[in-house]
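Chemist: Here it is, the structure, as structure tokens.
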Amino acid sequence: MLRICHDEIDRRRLPAPLALAVVKRLTEIIYTYVEWITLYVLAAYEAERSRWVNARGSVHSSTVHAVLSEDTADTTAFETETGYPLDQTHLALILWRPGHEKPSTWKLLDTQARTLARGLRAEGPALVTAIDRHTAWAWLPFGHRHPVIDTTELHAMVDPADGVRLTVGLPGHALGGFRRSHRQAIAAYFVASVPGISSSHMIVGFGDPGVAVISLLAKDLDSTRAWVREVLGELAFDTDQAATLRRTLSTYYTTSESHVRTAQILTLHRNTVKYRVIKAIEATRVGTAPHDKLDIALALQVCRFLGATVLRRPS
């Protein structure tokens, strides 16, 4: 277009100042049009892509909900629609991105689920379905292999800068395992999404110590809060000192009450561990009767996950 205009200007033999003004005006008109049509095409493309992605997610979502909830679910229709076989081992995930909605969230969650599938050496691509604008459900297929999932390993596959959080069920086989693993991921999600929970729990697995029980306790926070404070006494204070004692005592119980192993894990001297353990147990004593070690260990796990939600401020 510009070449045609330049040829026409040369043909008319316009004075130099006028020719320059004409070229400038024509250039403005042409590039204004180019900018407009480019933005128009991009907007049309994004709108269509969003419609297509949402439609696909909606189809998958309704199909997935049907196979999760119906006793006589049509598994053949599910496999045909999703391309995901049910006669294998499944690992369910829930992925979400807290905070303000962003256009890139769904793509990020989908990419993260597929990255985890590759990192865990799944037998095929993940089944991912959108639940809302910032939450996705996913299942990873493992054929007839029963993987051992360590949430510590998963942390290396998730970039904290993305802001994605996730929960994981336990591996399960066939349709029953598909449903059960998802229910477990939902239970872990309930723990991870309790208001006030520490943001350090970016990944929570149903198989993590205490999570299964905490998911039940978290359904009645008022009663759980009262129970934790009753069991832990001064150890339930929301202070740095109490937090240090809680961590020491929790590690001590996790290592089968080994002062040596606790010292190694916490990089402390064995005598320091002994002193902290004694002090922590004394802090739990309300009156004269000590609480059961199992109660104390469980209450410590509740504090580790639910944090300030169940702790109390010192008076």
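Identifiers in the structure tokens: chain A, B, ... in order shown; residue index from 1 per chain; ligand index from 1 in order shown.
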I'd like the contact shell of Arg97 of chain A - 10 Å cut-off, only C-alpha atoms, skipping same-chain residues fewer than 5 positions apart - returned as a compact mmCIF listing (two decimals) with C-alpha atoms, in the first residue's frame.
Modeler:
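Saved result, result-v3.txt, follows:
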```txt
# COMPACT_ATOMS: atom_id res chain seq x y z
CA LYS A 102 -5.76 -13.84 36.34
CA THR A 105 -4.43 -19.12 35.84
CA TRP A 106 -6.16 -22.02 34.06
CA LEU A 108 -0.81 -22.40 34.55
CA LEU A 109 -2.74 -25.04 36.52
CA ARG A 133 -11.57 -19.83 37.44
CA HIS A 134 -8.73 -20.62 39.86
CA THR A 135 -9.16 -24.34 40.71
CA ALA A 136 -8.52 -27.54 38.78
CA ASP A 162 3.86 -19.24 40.31
CA GLY A 163 1.72 -19.18 43.45
CA VAL A 164 0.18 -22.59 42.68
CA ARG A 165 -0.81 -24.75 45.64
CA LEU A 166 -1.87 -28.38 45.48
```
Chemist: List the spatial neighbours of Thr239 of chain A as a PyMOL selection string - criterion: any atom at most 12 Å away, only C-alpha atoms, same-chain residues fewer than 4 positions off excluded.
Modeler: chain A and resi 234-235+243-246+307-308+311-315
Chemist: Could you please write out, as a count of residues only, every residue of segment 137-272 of chain A that DSSP assigns to alpha helix (DSSP H)?
Modeler: 69
Chemist: Considering only C-alpha atoms, can you say which of A:His60, A:His65, A:Lys279, A:His155 comes closest to Thr129 of chain A?
Modeler: A:His60
Chemist: I'd like to know which of A:Ser223, A:Gln88, A:Thr76, A:Thr151 is closest to Ile203 of chain A, using only C-alpha atoms.
Modeler: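 Using only C-alpha atoms, Ile203 of chain A sits closest to A:Thr151.
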Chemist: Could you name the residues that touch His90 of chain A at 10 Å or less, counting only C-alpha atoms, but leaving out those on the same chain fewer than 4 positions away, as a PyMOL selection string?
Modeler: chain A and resi 85-86+122+126+138-147+169-182
Chemist: Please write the residues from the selection above to a file, keeping N, CA and C atoms, as a compact mmCIF listing (two decimals), in the first residue's frame.
Modeler:
```txt
# COMPACT_ATOMS: atom_id res chain seq x y z
N PRO A 85 -8.27 -43.96 30.53
CA PRO A 85 -8.73 -45.29 30.98
C PRO A 85 -8.88 -45.34 32.50
N LEU A 86 -9.90 -46.03 32.97
CA LEU A 86 -10.14 -46.15 34.40
C LEU A 86 -9.53 -47.42 34.99
N ALA A 122 4.42 -40.69 35.02
CA ALA A 122 3.10 -41.28 34.80
C ALA A 122 3.08 -42.01 33.46
N ALA A 126 -1.99 -36.34 32.02
CA ALA A 126 -2.93 -36.14 33.12
C ALA A 126 -4.32 -35.81 32.58
N ALA A 138 -7.29 -32.89 38.95
CA ALA A 138 -6.47 -33.66 38.01
C ALA A 138 -6.26 -35.08 38.53
N TRP A 139 -6.06 -35.99 37.59
CA TRP A 139 -5.70 -37.37 37.90
C TRP A 139 -4.50 -37.76 37.04
N LEU A 140 -3.52 -38.40 37.66
CA LEU A 140 -2.36 -38.87 36.93
C LEU A 140 -2.46 -40.39 36.78
N PRO A 141 -2.25 -40.93 35.56
CA PRO A 141 -2.38 -42.38 35.34
C PRO A 141 -1.04 -43.10 35.53
N PHE A 142 -1.06 -44.24 36.20
CA PHE A 142 0.17 -44.99 36.43
C PHE A 142 0.06 -46.44 35.99
N GLY A 143 -0.88 -46.73 35.11
CA GLY A 143 -1.00 -48.10 34.62
C GLY A 143 -1.24 -49.06 35.78
N HIS A 144 -0.44 -50.11 35.82
CA HIS A 144 -0.56 -51.09 36.91
C HIS A 144 0.54 -50.91 37.94
N ARG A 145 1.24 -49.79 37.84
CA ARG A 145 2.28 -49.47 38.83
C ARG A 145 1.64 -48.72 39.99
N HIS A 146 2.10 -48.99 41.22
CA HIS A 146 1.58 -48.31 42.40
C HIS A 146 2.69 -47.40 42.94
N PRO A 147 2.67 -46.12 42.57
CA PRO A 147 3.77 -45.23 42.94
C PRO A 147 3.76 -44.88 44.43
N GLY A 169 -3.99 -36.96 46.86
CA GLY A 169 -4.55 -38.13 47.51
C GLY A 169 -3.53 -39.27 47.53
N LEU A 170 -3.99 -40.47 47.83
CA LEU A 170 -3.15 -41.66 47.76
C LEU A 170 -3.48 -42.41 46.47
N PRO A 171 -2.53 -43.15 45.91
CA PRO A 171 -2.82 -43.90 44.69
C PRO A 171 -3.94 -44.91 44.91
N GLY A 172 -4.82 -45.05 43.92
CA GLY A 172 -5.91 -46.02 44.00
C GLY A 172 -6.17 -46.63 42.64
N HIS A 173 -6.69 -47.85 42.63
CA HIS A 173 -6.86 -48.59 41.37
C HIS A 173 -8.31 -48.59 40.92
N ALA A 174 -8.50 -48.56 39.60
CA ALA A 174 -9.80 -48.68 38.93
C ALA A 174 -10.75 -47.54 39.35
N LEU A 175 -12.04 -47.73 39.11
CA LEU A 175 -13.00 -46.67 39.38
C LEU A 175 -13.05 -46.32 40.87
N GLY A 176 -13.01 -47.34 41.72
CA GLY A 176 -13.03 -47.08 43.16
C GLY A 176 -11.83 -46.26 43.60
N GLY A 177 -10.66 -46.58 43.05
CA GLY A 177 -9.46 -45.83 43.39
C GLY A 177 -9.48 -44.42 42.83
N PHE A 178 -10.08 -44.26 41.65
CA PHE A 178 -10.23 -42.94 41.03
C PHE A 178 -11.04 -42.04 41.96
N ARG A 179 -12.11 -42.58 42.50
CA ARG A 179 -12.97 -41.80 43.40
C ARG A 179 -12.31 -41.59 44.76
N ARG A 180 -11.73 -42.68 45.31
CA ARG A 180 -11.17 -42.59 46.66
C ARG A 180 -9.98 -41.62 46.72
N SER A 181 -9.11 -41.69 45.73
CA SER A 181 -7.96 -40.79 45.70
C SER A 181 -8.42 -39.33 45.63
N HIS A 182 -9.50 -39.10 44.88
CA HIS A 182 -10.04 -37.73 44.77
C HIS A 182 -10.61 -37.27 46.11
```
Chemist: If you count only C-alpha atoms, which residues fall within 12 Å of Ser62 of chain A, apart from same-chain ones fewer than 6 positions away, as a count of residues only?
Modeler: 12
Chemist: Near Gly119 of chain A, within 12 Å and counting only C-alpha atoms, which residues show up once chain neighbours fewer than 2 positions away are dropped, as an MDAnalysis selection string?
Modeler: chainID A and resid 112:117 121:126 140 149 153:158
Chemist: Of the candidates A:Ala263, A:Leu221, A:Val273, A:Val211, which one gets nearest to Leu300 of chain A if we count only C-alpha atoms?
Modeler: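 Between A:Ala263, A:Leu221, A:Val273, A:Val211, the residue approaching Leu300 of chain A most closely is A:Val211.
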Chemist: Extract the full set of strand (DSSP E) residues from segment 43-270 of chain A according to DSSP on the backbone, and format it as a compact mmCIF listing (two decimals) with all heavy atoms, in the first residue's frame.
Modeler:
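See selection.txt below for the written result:
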```txt
# COMPACT_ATOMS: atom_id res chain seq x y z
N THR A 89 -4.06 -47.52 37.87
CA THR A 89 -3.83 -46.82 39.13
C THR A 89 -3.88 -45.32 38.90
O THR A 89 -3.29 -44.81 37.94
CB THR A 89 -2.47 -47.22 39.73
OG1 THR A 89 -2.46 -48.63 39.97
CG2 THR A 89 -2.22 -46.49 41.03
N HIS A 90 -4.58 -44.61 39.79
CA HIS A 90 -4.77 -43.17 39.65
C HIS A 90 -4.20 -42.43 40.86
O HIS A 90 -4.23 -42.94 41.99
CB HIS A 90 -6.25 -42.81 39.53
CG HIS A 90 -7.02 -43.71 38.62
ND1 HIS A 90 -7.02 -43.56 37.26
CD2 HIS A 90 -7.80 -44.79 38.88
CE1 HIS A 90 -7.77 -44.50 36.71
NE2 HIS A 90 -8.25 -45.26 37.67
N LEU A 91 -3.73 -41.22 40.63
CA LEU A 91 -3.33 -40.33 41.71
C LEU A 91 -4.05 -39.00 41.49
O LEU A 91 -3.85 -38.33 40.48
CB LEU A 91 -1.82 -40.10 41.71
CG LEU A 91 -1.30 -39.18 42.82
CD1 LEU A 91 -1.41 -39.89 44.17
CD2 LEU A 91 0.14 -38.75 42.57
N ALA A 92 -4.91 -38.63 42.44
CA ALA A 92 -5.71 -37.42 42.29
C ALA A 92 -5.00 -36.21 42.88
O ALA A 92 -4.33 -36.30 43.92
CB ALA A 92 -7.07 -37.61 42.98
N LEU A 93 -5.15 -35.08 42.20
CA LEU A 93 -4.59 -33.81 42.65
C LEU A 93 -5.68 -32.75 42.64
O LEU A 93 -6.62 -32.82 41.85
CB LEU A 93 -3.46 -33.33 41.72
CG LEU A 93 -2.34 -34.29 41.33
CD1 LEU A 93 -1.45 -33.62 40.30
CD2 LEU A 93 -1.54 -34.69 42.55
N ILE A 94 -5.53 -31.77 43.50
CA ILE A 94 -6.31 -30.54 43.41
C ILE A 94 -5.31 -29.40 43.36
O ILE A 94 -4.42 -29.30 44.21
CB ILE A 94 -7.26 -30.37 44.60
CG1 ILE A 94 -8.31 -31.48 44.58
CG2 ILE A 94 -7.95 -29.00 44.56
CD1 ILE A 94 -9.28 -31.43 45.73
N LEU A 95 -5.41 -28.57 42.33
CA LEU A 95 -4.50 -27.45 42.15
C LEU A 95 -5.30 -26.15 42.18
O LEU A 95 -6.39 -26.09 41.60
CB LEU A 95 -3.74 -27.56 40.82
CG LEU A 95 -2.96 -28.85 40.56
CD1 LEU A 95 -3.82 -29.81 39.73
CD2 LEU A 95 -1.65 -28.56 39.85
N TRP A 96 -4.78 -25.16 42.83
CA TRP A 96 -5.45 -23.86 42.84
C TRP A 96 -4.42 -22.75 43.01
O TRP A 96 -3.30 -22.97 43.43
CB TRP A 96 -6.53 -23.80 43.92
CG TRP A 96 -6.04 -23.68 45.34
CD1 TRP A 96 -6.01 -22.55 46.11
CD2 TRP A 96 -5.55 -24.74 46.19
NE1 TRP A 96 -5.53 -22.82 47.38
CE2 TRP A 96 -5.25 -24.16 47.44
CE3 TRP A 96 -5.34 -26.09 46.00
CZ2 TRP A 96 -4.75 -24.91 48.51
CZ3 TRP A 96 -4.83 -26.84 47.05
CH2 TRP A 96 -4.54 -26.26 48.28
N LEU A 127 -5.34 -36.21 33.33
CA LEU A 127 -6.70 -35.77 33.07
C LEU A 127 -6.93 -34.53 33.94
O LEU A 127 -6.84 -34.61 35.17
CB LEU A 127 -7.71 -36.86 33.44
CG LEU A 127 -9.19 -36.44 33.45
CD1 LEU A 127 -9.64 -36.04 32.05
CD2 LEU A 127 -10.06 -37.56 34.01
N VAL A 128 -7.17 -33.39 33.30
CA VAL A 128 -7.32 -32.13 34.03
C VAL A 128 -8.65 -31.51 33.67
O VAL A 128 -9.01 -31.43 32.49
CB VAL A 128 -6.18 -31.14 33.68
CG1 VAL A 128 -6.26 -29.91 34.58
CG2 VAL A 128 -4.81 -31.81 33.81
N THR A 129 -9.40 -31.06 34.67
CA THR A 129 -10.67 -30.40 34.41
C THR A 129 -10.80 -29.17 35.29
O THR A 129 -10.41 -29.18 36.46
CB THR A 129 -11.86 -31.36 34.66
OG1 THR A 129 -13.07 -30.73 34.29
CG2 THR A 129 -11.94 -31.77 36.12
N ALA A 130 -11.32 -28.09 34.72
CA ALA A 130 -11.50 -26.83 35.45
C ALA A 130 -12.74 -26.92 36.33
O ALA A 130 -13.80 -27.37 35.88
CB ALA A 130 -11.63 -25.67 34.47
N ILE A 131 -12.62 -26.49 37.58
CA ILE A 131 -13.74 -26.47 38.51
C ILE A 131 -14.27 -25.05 38.65
O ILE A 131 -15.47 -24.81 38.69
CB ILE A 131 -13.31 -27.02 39.88
CG1 ILE A 131 -12.88 -28.48 39.72
CG2 ILE A 131 -14.45 -26.91 40.89
CD1 ILE A 131 -13.91 -29.38 39.08
N ASP A 132 -13.38 -24.09 38.73
CA ASP A 132 -13.76 -22.68 38.67
C ASP A 132 -12.58 -21.94 38.05
O ASP A 132 -11.66 -22.57 37.51
CB ASP A 132 -14.15 -22.12 40.04
CG ASP A 132 -13.07 -22.32 41.10
OD1 ASP A 132 -11.87 -22.16 40.76
OD2 ASP A 132 -13.40 -22.64 42.25
N THR A 135 -9.31 -23.00 40.14
CA THR A 135 -9.16 -24.34 40.71
C THR A 135 -9.30 -25.40 39.63
O THR A 135 -10.15 -25.29 38.75
CB THR A 135 -10.23 -24.59 41.80
OG1 THR A 135 -10.21 -23.52 42.74
CG2 THR A 135 -9.96 -25.91 42.52
N ALA A 136 -8.46 -26.42 39.72
CA ALA A 136 -8.52 -27.54 38.78
C ALA A 136 -8.40 -28.85 39.54
O ALA A 136 -7.72 -28.93 40.56
CB ALA A 136 -7.41 -27.43 37.74
N TRP A 137 -9.11 -29.86 39.05
CA TRP A 137 -8.94 -31.23 39.54
C TRP A 137 -8.14 -31.99 38.49
O TRP A 137 -8.32 -31.78 37.28
CB TRP A 137 -10.29 -31.91 39.72
CG TRP A 137 -11.13 -31.35 40.84
CD1 TRP A 137 -10.76 -30.44 41.77
CD2 TRP A 137 -12.50 -31.70 41.13
NE1 TRP A 137 -11.79 -30.17 42.62
CE2 TRP A 137 -12.88 -30.93 42.26
CE3 TRP A 137 -13.42 -32.56 40.55
CZ2 TRP A 137 -14.15 -31.02 42.81
CZ3 TRP A 137 -14.68 -32.63 41.09
CH2 TRP A 137 -15.05 -31.89 42.22
N ALA A 138 -7.29 -32.89 38.95
CA ALA A 138 -6.47 -33.66 38.01
C ALA A 138 -6.26 -35.08 38.53
O ALA A 138 -6.31 -35.33 39.74
CB ALA A 138 -5.13 -32.97 37.79
N TRP A 139 -6.06 -35.99 37.59
CA TRP A 139 -5.70 -37.37 37.90
C TRP A 139 -4.50 -37.76 37.04
O TRP A 139 -4.48 -37.48 35.83
CB TRP A 139 -6.86 -38.32 37.59
CG TRP A 139 -7.98 -38.26 38.57
CD1 TRP A 139 -8.22 -39.10 39.62
CD2 TRP A 139 -9.07 -37.31 38.58
NE1 TRP A 139 -9.37 -38.72 40.29
CE2 TRP A 139 -9.90 -37.63 39.67
CE3 TRP A 139 -9.39 -36.22 37.77
CZ2 TRP A 139 -11.05 -36.90 39.97
CZ3 TRP A 139 -10.54 -35.48 38.07
CH2 TRP A 139 -11.35 -35.82 39.15
N LEU A 140 -3.52 -38.40 37.66
CA LEU A 140 -2.36 -38.87 36.93
C LEU A 140 -2.46 -40.39 36.78
O LEU A 140 -2.72 -41.10 37.76
CB LEU A 140 -1.06 -38.51 37.67
CG LEU A 140 -0.90 -37.06 38.14
CD1 LEU A 140 0.50 -36.85 38.70
CD2 LEU A 140 -1.20 -36.08 37.03
N PRO A 141 -2.25 -40.93 35.56
CA PRO A 141 -2.38 -42.38 35.34
C PRO A 141 -1.04 -43.10 35.53
O PRO A 141 -0.01 -42.63 35.04
CB PRO A 141 -2.83 -42.44 33.88
CG PRO A 141 -2.17 -41.25 33.24
CD PRO A 141 -2.07 -40.19 34.30
N ARG A 165 -0.81 -23.83 44.51
CA ARG A 165 -0.81 -24.75 45.64
C ARG A 165 -1.52 -26.03 45.21
O ARG A 165 -2.35 -26.00 44.29
CB ARG A 165 -1.50 -24.12 46.85
CG ARG A 165 -0.81 -22.85 47.34
CD ARG A 165 -1.51 -22.28 48.55
NE ARG A 165 -1.45 -23.21 49.67
CZ ARG A 165 -2.11 -23.02 50.82
NH1 ARG A 165 -2.89 -21.96 50.98
NH2 ARG A 165 -2.01 -23.90 51.80
N LEU A 166 -1.22 -27.13 45.87
CA LEU A 166 -1.87 -28.38 45.48
C LEU A 166 -1.95 -29.35 46.64
O LEU A 166 -1.18 -29.27 47.59
CB LEU A 166 -1.14 -29.02 44.30
CG LEU A 166 0.28 -29.52 44.49
CD1 LEU A 166 0.29 -31.03 44.72
CD2 LEU A 166 1.13 -29.19 43.28
N THR A 167 -2.94 -30.23 46.55
CA THR A 167 -3.07 -31.33 47.50
C THR A 167 -3.11 -32.63 46.72
O THR A 167 -3.47 -32.66 45.54
CB THR A 167 -4.35 -31.19 48.36
OG1 THR A 167 -5.50 -31.17 47.50
CG2 THR A 167 -4.30 -29.93 49.18
N VAL A 168 -2.74 -33.71 47.40
CA VAL A 168 -2.57 -35.00 46.74
C VAL A 168 -3.25 -36.09 47.54
O VAL A 168 -3.10 -36.14 48.77
CB VAL A 168 -1.07 -35.34 46.58
CG1 VAL A 168 -0.89 -36.55 45.68
CG2 VAL A 168 -0.28 -34.16 46.06
N GLY A 172 -4.82 -45.05 43.92
CA GLY A 172 -5.91 -46.02 44.00
C GLY A 172 -6.17 -46.63 42.64
O GLY A 172 -5.90 -46.00 41.61
N HIS A 173 -6.69 -47.85 42.63
CA HIS A 173 -6.86 -48.59 41.37
C HIS A 173 -8.31 -48.59 40.92
O HIS A 173 -9.24 -48.65 41.73
CB HIS A 173 -6.38 -50.03 41.53
CG HIS A 173 -6.36 -50.79 40.24
ND1 HIS A 173 -5.45 -50.56 39.24
CD2 HIS A 173 -7.20 -51.76 39.77
CE1 HIS A 173 -5.70 -51.37 38.23
NE2 HIS A 173 -6.76 -52.11 38.52
N ILE A 203 2.18 -27.59 49.46
CA ILE A 203 1.74 -28.91 49.02
C ILE A 203 1.35 -29.73 50.25
O ILE A 203 2.15 -29.85 51.19
CB ILE A 203 2.83 -29.64 48.23
CG1 ILE A 203 3.25 -28.82 47.00
CG2 ILE A 203 2.37 -31.03 47.81
CD1 ILE A 203 4.41 -29.41 46.24
N VAL A 204 0.14 -30.26 50.24
CA VAL A 204 -0.32 -31.08 51.37
C VAL A 204 -0.80 -32.41 50.81
O VAL A 204 -1.64 -32.45 49.90
CB VAL A 204 -1.46 -30.39 52.14
CG1 VAL A 204 -1.97 -31.30 53.25
CG2 VAL A 204 -1.00 -29.06 52.72
N GLY A 205 -0.26 -33.50 51.34
CA GLY A 205 -0.66 -34.83 50.92
C GLY A 205 -1.54 -35.49 51.96
O GLY A 205 -1.30 -35.34 53.16
```
Chemist: Excluding same-chain residues fewer than 6 positions from Arg304 of chain A, what lies within 12 Å of it counting only C-alpha atoms, as a ChimeraX atom specification?
Modeler: /A:191-192,196-201,204,208-211,214,228,236,238,242-244,246-251,297-298,310-311
Chemist: Since we have the selection now, will you write its residues out, keeping N, CA, C and O atoms, as a compact mmCIF listing (two decimals), in the first residue's frame?
Modeler:
```txt
# COMPACT_ATOMS: atom_id res chain seq x y z
N VAL A 191 -7.91 -29.18 54.67
CA VAL A 191 -6.90 -28.79 55.65
C VAL A 191 -6.09 -27.60 55.14
O VAL A 191 -5.85 -26.62 55.85
N ALA A 192 -5.66 -27.68 53.87
CA ALA A 192 -4.78 -26.65 53.31
C ALA A 192 -5.46 -25.31 53.13
O ALA A 192 -4.79 -24.27 53.05
N GLY A 196 -6.21 -18.86 57.78
CA GLY A 196 -5.13 -18.64 58.73
C GLY A 196 -4.04 -19.68 58.68
O GLY A 196 -3.03 -19.57 59.38
N ILE A 197 -4.19 -20.72 57.83
CA ILE A 197 -3.16 -21.74 57.75
C ILE A 197 -1.89 -21.14 57.16
O ILE A 197 -1.92 -20.22 56.35
N SER A 198 -0.76 -21.66 57.59
CA SER A 198 0.52 -21.14 57.13
C SER A 198 0.67 -21.32 55.63
O SER A 198 0.36 -22.38 55.07
N SER A 199 1.15 -20.28 54.96
CA SER A 199 1.35 -20.35 53.51
C SER A 199 2.52 -21.26 53.14
O SER A 199 2.74 -21.55 51.97
N SER A 200 3.29 -21.71 54.16
CA SER A 200 4.42 -22.59 53.88
C SER A 200 3.95 -23.97 53.43
O SER A 200 4.71 -24.73 52.83
N HIS A 201 2.68 -24.31 53.73
CA HIS A 201 2.14 -25.60 53.31
C HIS A 201 1.64 -25.49 51.88
O HIS A 201 0.43 -25.57 51.60
N VAL A 204 0.14 -30.26 50.24
CA VAL A 204 -0.32 -31.08 51.37
C VAL A 204 -0.80 -32.41 50.81
O VAL A 204 -1.64 -32.45 49.90
N ASP A 208 0.45 -37.43 54.33
CA ASP A 208 1.37 -36.77 55.27
C ASP A 208 0.93 -37.06 56.69
O ASP A 208 -0.27 -37.20 56.97
N PRO A 209 1.90 -37.13 57.63
CA PRO A 209 1.55 -37.46 59.02
C PRO A 209 0.48 -36.53 59.59
O PRO A 209 0.62 -35.31 59.57
N GLY A 210 -0.60 -37.13 60.06
CA GLY A 210 -1.65 -36.38 60.74
C GLY A 210 -2.72 -35.77 59.87
O GLY A 210 -3.77 -35.35 60.37
N VAL A 211 -2.48 -35.69 58.55
CA VAL A 211 -3.42 -34.96 57.69
C VAL A 211 -4.79 -35.62 57.66
O VAL A 211 -5.82 -34.92 57.71
N ILE A 214 -6.46 -34.71 60.87
CA ILE A 214 -6.67 -33.27 60.95
C ILE A 214 -7.82 -32.84 60.03
O ILE A 214 -8.56 -31.91 60.34
N VAL A 228 -6.94 -28.64 71.48
CA VAL A 228 -5.50 -28.42 71.34
C VAL A 228 -4.97 -27.63 72.53
O VAL A 228 -3.92 -27.96 73.10
N ALA A 236 0.68 -24.29 73.56
CA ALA A 236 -0.21 -23.82 72.49
C ALA A 236 -0.18 -22.31 72.35
O ALA A 236 -0.99 -21.74 71.61
N ASP A 238 0.98 -18.75 70.97
CA ASP A 238 1.46 -18.29 69.66
C ASP A 238 2.69 -17.41 69.86
O ASP A 238 2.67 -16.20 69.63
N ALA A 242 7.39 -21.01 72.22
CA ALA A 242 6.50 -22.17 72.19
C ALA A 242 6.63 -22.92 70.87
O ALA A 242 6.59 -24.16 70.83
N ALA A 243 6.80 -22.19 69.77
CA ALA A 243 6.95 -22.82 68.46
C ALA A 243 8.21 -23.68 68.41
O ALA A 243 8.21 -24.78 67.85
N THR A 244 9.29 -23.18 69.02
CA THR A 244 10.54 -23.95 69.07
C THR A 244 10.37 -25.23 69.86
O THR A 244 10.82 -26.30 69.45
N ARG A 246 7.51 -26.79 70.43
CA ARG A 246 6.60 -27.68 69.69
C ARG A 246 7.36 -28.46 68.63
O ARG A 246 7.16 -29.67 68.45
N ARG A 247 8.20 -27.75 67.86
CA ARG A 247 8.94 -28.42 66.79
C ARG A 247 9.87 -29.49 67.36
O ARG A 247 9.99 -30.59 66.81
N THR A 248 10.55 -29.18 68.46
CA THR A 248 11.46 -30.16 69.06
C THR A 248 10.71 -31.39 69.54
O THR A 248 11.10 -32.53 69.26
N LEU A 249 9.60 -31.17 70.26
CA LEU A 249 8.85 -32.30 70.80
C LEU A 249 8.21 -33.12 69.68
O LEU A 249 8.18 -34.36 69.74
N SER A 250 7.71 -32.46 68.65
CA SER A 250 7.11 -33.17 67.53
C SER A 250 8.15 -34.05 66.83
O SER A 250 7.87 -35.21 66.48
N THR A 251 9.33 -33.51 66.59
CA THR A 251 10.41 -34.29 65.96
C THR A 251 10.82 -35.44 66.86
O THR A 251 11.09 -36.56 66.38
N ALA A 297 1.08 -35.71 70.56
CA ALA A 297 1.66 -35.79 69.21
C ALA A 297 0.67 -35.32 68.16
O ALA A 297 1.04 -34.59 67.22
N LEU A 298 -0.59 -35.72 68.31
CA LEU A 298 -1.61 -35.30 67.34
C LEU A 298 -1.87 -33.80 67.44
O LEU A 298 -1.99 -33.11 66.42
N VAL A 310 -5.50 -22.32 65.65
CA VAL A 310 -5.79 -23.05 66.88
C VAL A 310 -4.93 -22.58 68.05
O VAL A 310 -5.17 -22.97 69.20
N LEU A 311 -3.92 -21.76 67.78
CA LEU A 311 -3.05 -21.28 68.87
C LEU A 311 -3.72 -20.12 69.60
O LEU A 311 -4.69 -19.54 69.13
```
Chemist: What is the atom CA of Ser104 of chain A-atom CA of Leu42 of chain A distance in Å, reported with one decimal?
Modeler: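 That distance, rounded to one decimal, is 15.7 Å.
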Chemist: Using only C-alpha atoms, which of A:Cys303, A:Ala185, A:Ile29, A:Pro98 sits nearest Phe237 of chain A?
Modeler: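 For Phe237 of chain A, the nearest of the given residues is A:Cys303.
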